[in-house]
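Visitor: Structure file start-v8.txt, compact mmCIF, N, CA and C atoms and all ligand atoms, is pasted below:
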# COMPACT_ATOMS: atom_id res chain seq x y z
N MET B 1 -10.08 -5.34 -11.51
CA MET B 1 -10.23 -5.14 -10.06
C MET B 1 -9.05 -4.35 -9.51
N PRO B 2 -9.34 -3.44 -8.66
CA PRO B 2 -8.26 -2.66 -8.05
C PRO B 2 -7.50 -3.47 -7.02
N MET B 3 -6.26 -3.15 -6.91
CA MET B 3 -5.43 -3.86 -5.93
C MET B 3 -5.19 -2.97 -4.71
N TYR B 4 -5.38 -3.57 -3.57
CA TYR B 4 -5.18 -2.82 -2.34
C TYR B 4 -4.01 -3.40 -1.55
N ASP B 5 -3.43 -2.54 -0.78
CA ASP B 5 -2.32 -2.99 0.07
C ASP B 5 -2.84 -3.20 1.49
N PHE B 6 -2.43 -4.27 2.07
CA PHE B 6 -2.84 -4.59 3.43
C PHE B 6 -1.61 -4.76 4.30
N ARG B 7 -1.84 -4.49 5.56
CA ARG B 7 -0.76 -4.69 6.51
C ARG B 7 -1.25 -5.54 7.66
N CYS B 8 -0.50 -6.57 7.95
CA CYS B 8 -0.89 -7.48 9.01
C CYS B 8 -0.41 -6.94 10.35
N GLU B 9 -1.31 -6.93 11.30
CA GLU B 9 -0.94 -6.45 12.61
C GLU B 9 -0.37 -7.57 13.46
N GLU B 10 -0.43 -8.76 12.92
CA GLU B 10 0.07 -9.92 13.65
C GLU B 10 1.57 -10.10 13.42
N CYS B 11 1.93 -10.09 12.16
CA CYS B 11 3.34 -10.29 11.84
C CYS B 11 3.99 -9.02 11.28
N GLY B 12 3.13 -8.05 10.94
CA GLY B 12 3.66 -6.78 10.48
C GLY B 12 4.03 -6.77 9.01
N GLU B 13 3.70 -7.85 8.32
CA GLU B 13 4.05 -7.93 6.91
C GLU B 13 2.99 -7.20 6.08
N THR B 14 3.41 -6.74 4.94
CA THR B 14 2.47 -6.09 4.04
C THR B 14 2.34 -6.89 2.75
N PHE B 15 1.15 -6.88 2.21
CA PHE B 15 0.91 -7.63 0.98
C PHE B 15 -0.19 -6.95 0.19
N SER B 16 -0.26 -7.28 -1.07
CA SER B 16 -1.28 -6.71 -1.94
C SER B 16 -2.32 -7.75 -2.27
N GLU B 17 -3.55 -7.30 -2.39
CA GLU B 17 -4.64 -8.22 -2.66
C GLU B 17 -5.64 -7.54 -3.59
N LEU B 18 -6.13 -8.33 -4.53
CA LEU B 18 -7.13 -7.79 -5.45
C LEU B 18 -8.49 -7.83 -4.77
N ARG B 19 -9.09 -6.69 -4.66
CA ARG B 19 -10.38 -6.59 -3.98
C ARG B 19 -11.38 -5.88 -4.85
N ARG B 20 -12.62 -6.33 -4.73
CA ARG B 20 -13.68 -5.63 -5.43
C ARG B 20 -14.00 -4.34 -4.69
N SER B 21 -14.41 -3.36 -5.45
CA SER B 21 -14.76 -2.09 -4.82
C SER B 21 -15.99 -2.28 -3.94
N GLY B 22 -15.83 -1.99 -2.68
CA GLY B 22 -16.93 -2.15 -1.75
C GLY B 22 -16.76 -3.36 -0.87
N ASP B 23 -15.91 -4.26 -1.31
CA ASP B 23 -15.68 -5.45 -0.51
C ASP B 23 -14.71 -5.11 0.62
N ASP B 24 -15.25 -4.98 1.79
CA ASP B 24 -14.41 -4.60 2.94
C ASP B 24 -14.28 -5.74 3.93
N LYS B 25 -14.34 -6.92 3.41
CA LYS B 25 -14.21 -8.07 4.31
C LYS B 25 -12.79 -8.19 4.84
N ASP B 26 -12.70 -8.97 5.86
CA ASP B 26 -11.38 -9.19 6.44
C ASP B 26 -10.53 -10.01 5.48
N VAL B 27 -9.37 -9.47 5.20
CA VAL B 27 -8.47 -10.16 4.30
C VAL B 27 -7.41 -10.90 5.11
N PRO B 28 -7.33 -12.18 4.94
CA PRO B 28 -6.32 -12.96 5.67
C PRO B 28 -4.91 -12.65 5.20
N CYS B 29 -4.02 -12.62 6.15
CA CYS B 29 -2.63 -12.34 5.84
C CYS B 29 -2.05 -13.47 4.98
N GLN B 30 -1.25 -13.08 4.01
CA GLN B 30 -0.66 -14.08 3.13
C GLN B 30 0.59 -14.69 3.74
N HIS B 31 0.96 -14.18 4.89
CA HIS B 31 2.19 -14.67 5.52
C HIS B 31 1.88 -15.58 6.70
N CYS B 32 0.94 -15.13 7.55
CA CYS B 32 0.65 -15.93 8.74
C CYS B 32 -0.81 -16.37 8.77
N GLY B 33 -1.64 -15.79 7.90
CA GLY B 33 -3.02 -16.22 7.83
C GLY B 33 -3.93 -15.49 8.80
N SER B 34 -3.39 -14.55 9.54
CA SER B 34 -4.20 -13.81 10.49
C SER B 34 -5.13 -12.84 9.77
N THR B 35 -6.29 -12.64 10.36
CA THR B 35 -7.25 -11.72 9.73
C THR B 35 -7.15 -10.32 10.32
N ARG B 36 -6.16 -10.14 11.14
CA ARG B 36 -5.96 -8.81 11.71
C ARG B 36 -5.17 -7.96 10.74
N THR B 37 -5.80 -7.64 9.64
CA THR B 37 -5.12 -6.86 8.62
C THR B 37 -5.84 -5.54 8.43
N LYS B 38 -5.09 -4.58 8.03
CA LYS B 38 -5.65 -3.26 7.78
C LYS B 38 -5.35 -2.84 6.36
N LYS B 39 -6.34 -2.19 5.77
CA LYS B 39 -6.16 -1.75 4.40
C LYS B 39 -5.37 -0.45 4.37
N LEU B 40 -4.38 -0.43 3.53
CA LEU B 40 -3.55 0.76 3.42
C LEU B 40 -3.96 1.55 2.20
N ILE B 41 -3.45 2.74 2.15
CA ILE B 41 -3.74 3.60 1.01
C ILE B 41 -2.86 3.16 -0.17
N SER B 42 -3.51 2.90 -1.27
CA SER B 42 -2.76 2.45 -2.43
C SER B 42 -1.79 3.54 -2.87
N SER B 43 -0.67 3.08 -3.34
CA SER B 43 0.36 4.03 -3.73
C SER B 43 -0.08 4.83 -4.94
N PHE B 44 -0.79 4.17 -5.85
CA PHE B 44 -1.19 4.87 -7.06
C PHE B 44 -2.41 5.74 -6.81
N ALA B 45 -3.09 5.47 -5.71
CA ALA B 45 -4.28 6.25 -5.40
C ALA B 45 -3.90 7.68 -5.06
N THR B 46 -2.84 7.78 -4.30
CA THR B 46 -2.39 9.12 -3.93
C THR B 46 -1.67 9.76 -5.10
N ARG B 47 -1.93 11.00 -5.27
CA ARG B 47 -1.31 11.71 -6.39
C ARG B 47 0.17 11.90 -6.12
N THR B 48 0.93 11.47 -7.05
CA THR B 48 2.37 11.57 -6.88
C THR B 48 2.80 13.03 -7.03
N ALA B 49 3.35 13.52 -5.95
CA ALA B 49 3.80 14.91 -5.97
C ALA B 49 5.11 15.03 -6.74
N LYS B 50 5.10 15.96 -7.63
CA LYS B 50 6.32 16.15 -8.41
C LYS B 50 7.44 16.70 -7.53
N THR B 51 8.61 16.36 -7.92
CA THR B 51 9.76 16.80 -7.14
C THR B 51 9.84 18.33 -7.16
N GLY B 52 9.75 18.89 -5.98
CA GLY B 52 9.78 20.35 -5.89
C GLY B 52 11.18 20.90 -5.95
N SER B 53 11.32 22.05 -5.31
CA SER B 53 12.62 22.71 -5.37
C SER B 53 13.54 22.18 -4.25
N SER B 54 13.02 21.16 -3.55
CA SER B 54 13.82 20.64 -2.44
C SER B 54 15.08 19.96 -2.97
N CYS B 55 14.96 19.47 -4.16
CA CYS B 55 16.11 18.77 -4.74
C CYS B 55 16.93 19.74 -5.60
N ALA B 56 18.21 19.70 -5.41
CA ALA B 56 19.05 20.58 -6.19
C ALA B 56 19.17 20.06 -7.62
N PRO B 57 19.26 20.97 -8.55
CA PRO B 57 19.39 20.59 -9.96
C PRO B 57 20.67 19.83 -10.23
N ALA B 58 20.52 18.72 -10.92
CA ALA B 58 21.70 17.91 -11.19
C ALA B 58 22.52 18.56 -12.31
N GLY B 59 23.79 18.45 -12.15
CA GLY B 59 24.64 19.03 -13.17
C GLY B 59 26.10 18.77 -12.86
N GLY B 60 26.87 18.74 -13.87
CA GLY B 60 28.30 18.49 -13.67
C GLY B 60 28.97 19.75 -13.10
N GLY B 61 29.19 19.68 -11.84
CA GLY B 61 29.70 20.89 -11.28
C GLY B 61 30.91 20.72 -10.46
ZN ZN M 1 0.57 -11.83 9.13
In structure tokens, what does this structure look like?

Guide:
Amino acid sequence: MPMYDFRCEECGETFSELRRSGDDKDVPCQHCGSTRTKKLISSFATRTAKTGSSCAPAGGG
């Protein structure tokens, strides 16, 4: 089962929960129990952008 990140709008805490694909039910907050939670974009879902040229090359200089 994929894990999704949720954010509670009541206490502002974030937590991860294992959810079935398609299950969009309200997930209770693990901190305060409120159901005012929103599903966030999973970190692994988004393609990790490789470090561009913004970072200077490391070297003993
Ligand atoms: Zn909460």

Visitor: Under the rule that only N, CA and C atoms and all ligand atoms are counted, which of B:Asp24, B:Arg7, B:Gly59, B:Cys32 is the nearest residue to ligand ZN 1 (chain M)?

Guide: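 Checking each of B:Asp24, B:Arg7, B:Gly59, B:Cys32 against ligand ZN 1 (chain M), counting only N, CA and C atoms and all ligand atoms, the winner is B:Cys32.
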
Visitor: What does the list of residues within 6.5 Å of ligand ZN 1 (chain M) look like if you count only N, CA and C atoms and all ligand atoms, written as a PyMOL selection string?

Guide: chain B and resi 8-13+29-34

Visitor: Any idea what the distance is between atom N of Ser21 of chain B and atom CA of Arg36 of chain B?

Guide: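 Taking atom N of Ser21 of chain B and atom CA of Arg36 of chain B, their separation equals 19.9 Å.
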
Visitor: Rounded to one decimal place, report the atom CA of Arg20 of chain B-atom N of Thr37 of chain B distance in Å.

Guide: 17.1 Å

Visitor: Please measure the separation of atom C of Thr14 of chain B and atom N of Met1 of chain B, giving the value in Å to one decimal.

Guide: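 Taking atom C of Thr14 of chain B and atom N of Met1 of chain B, their separation equals 19.0 Å.
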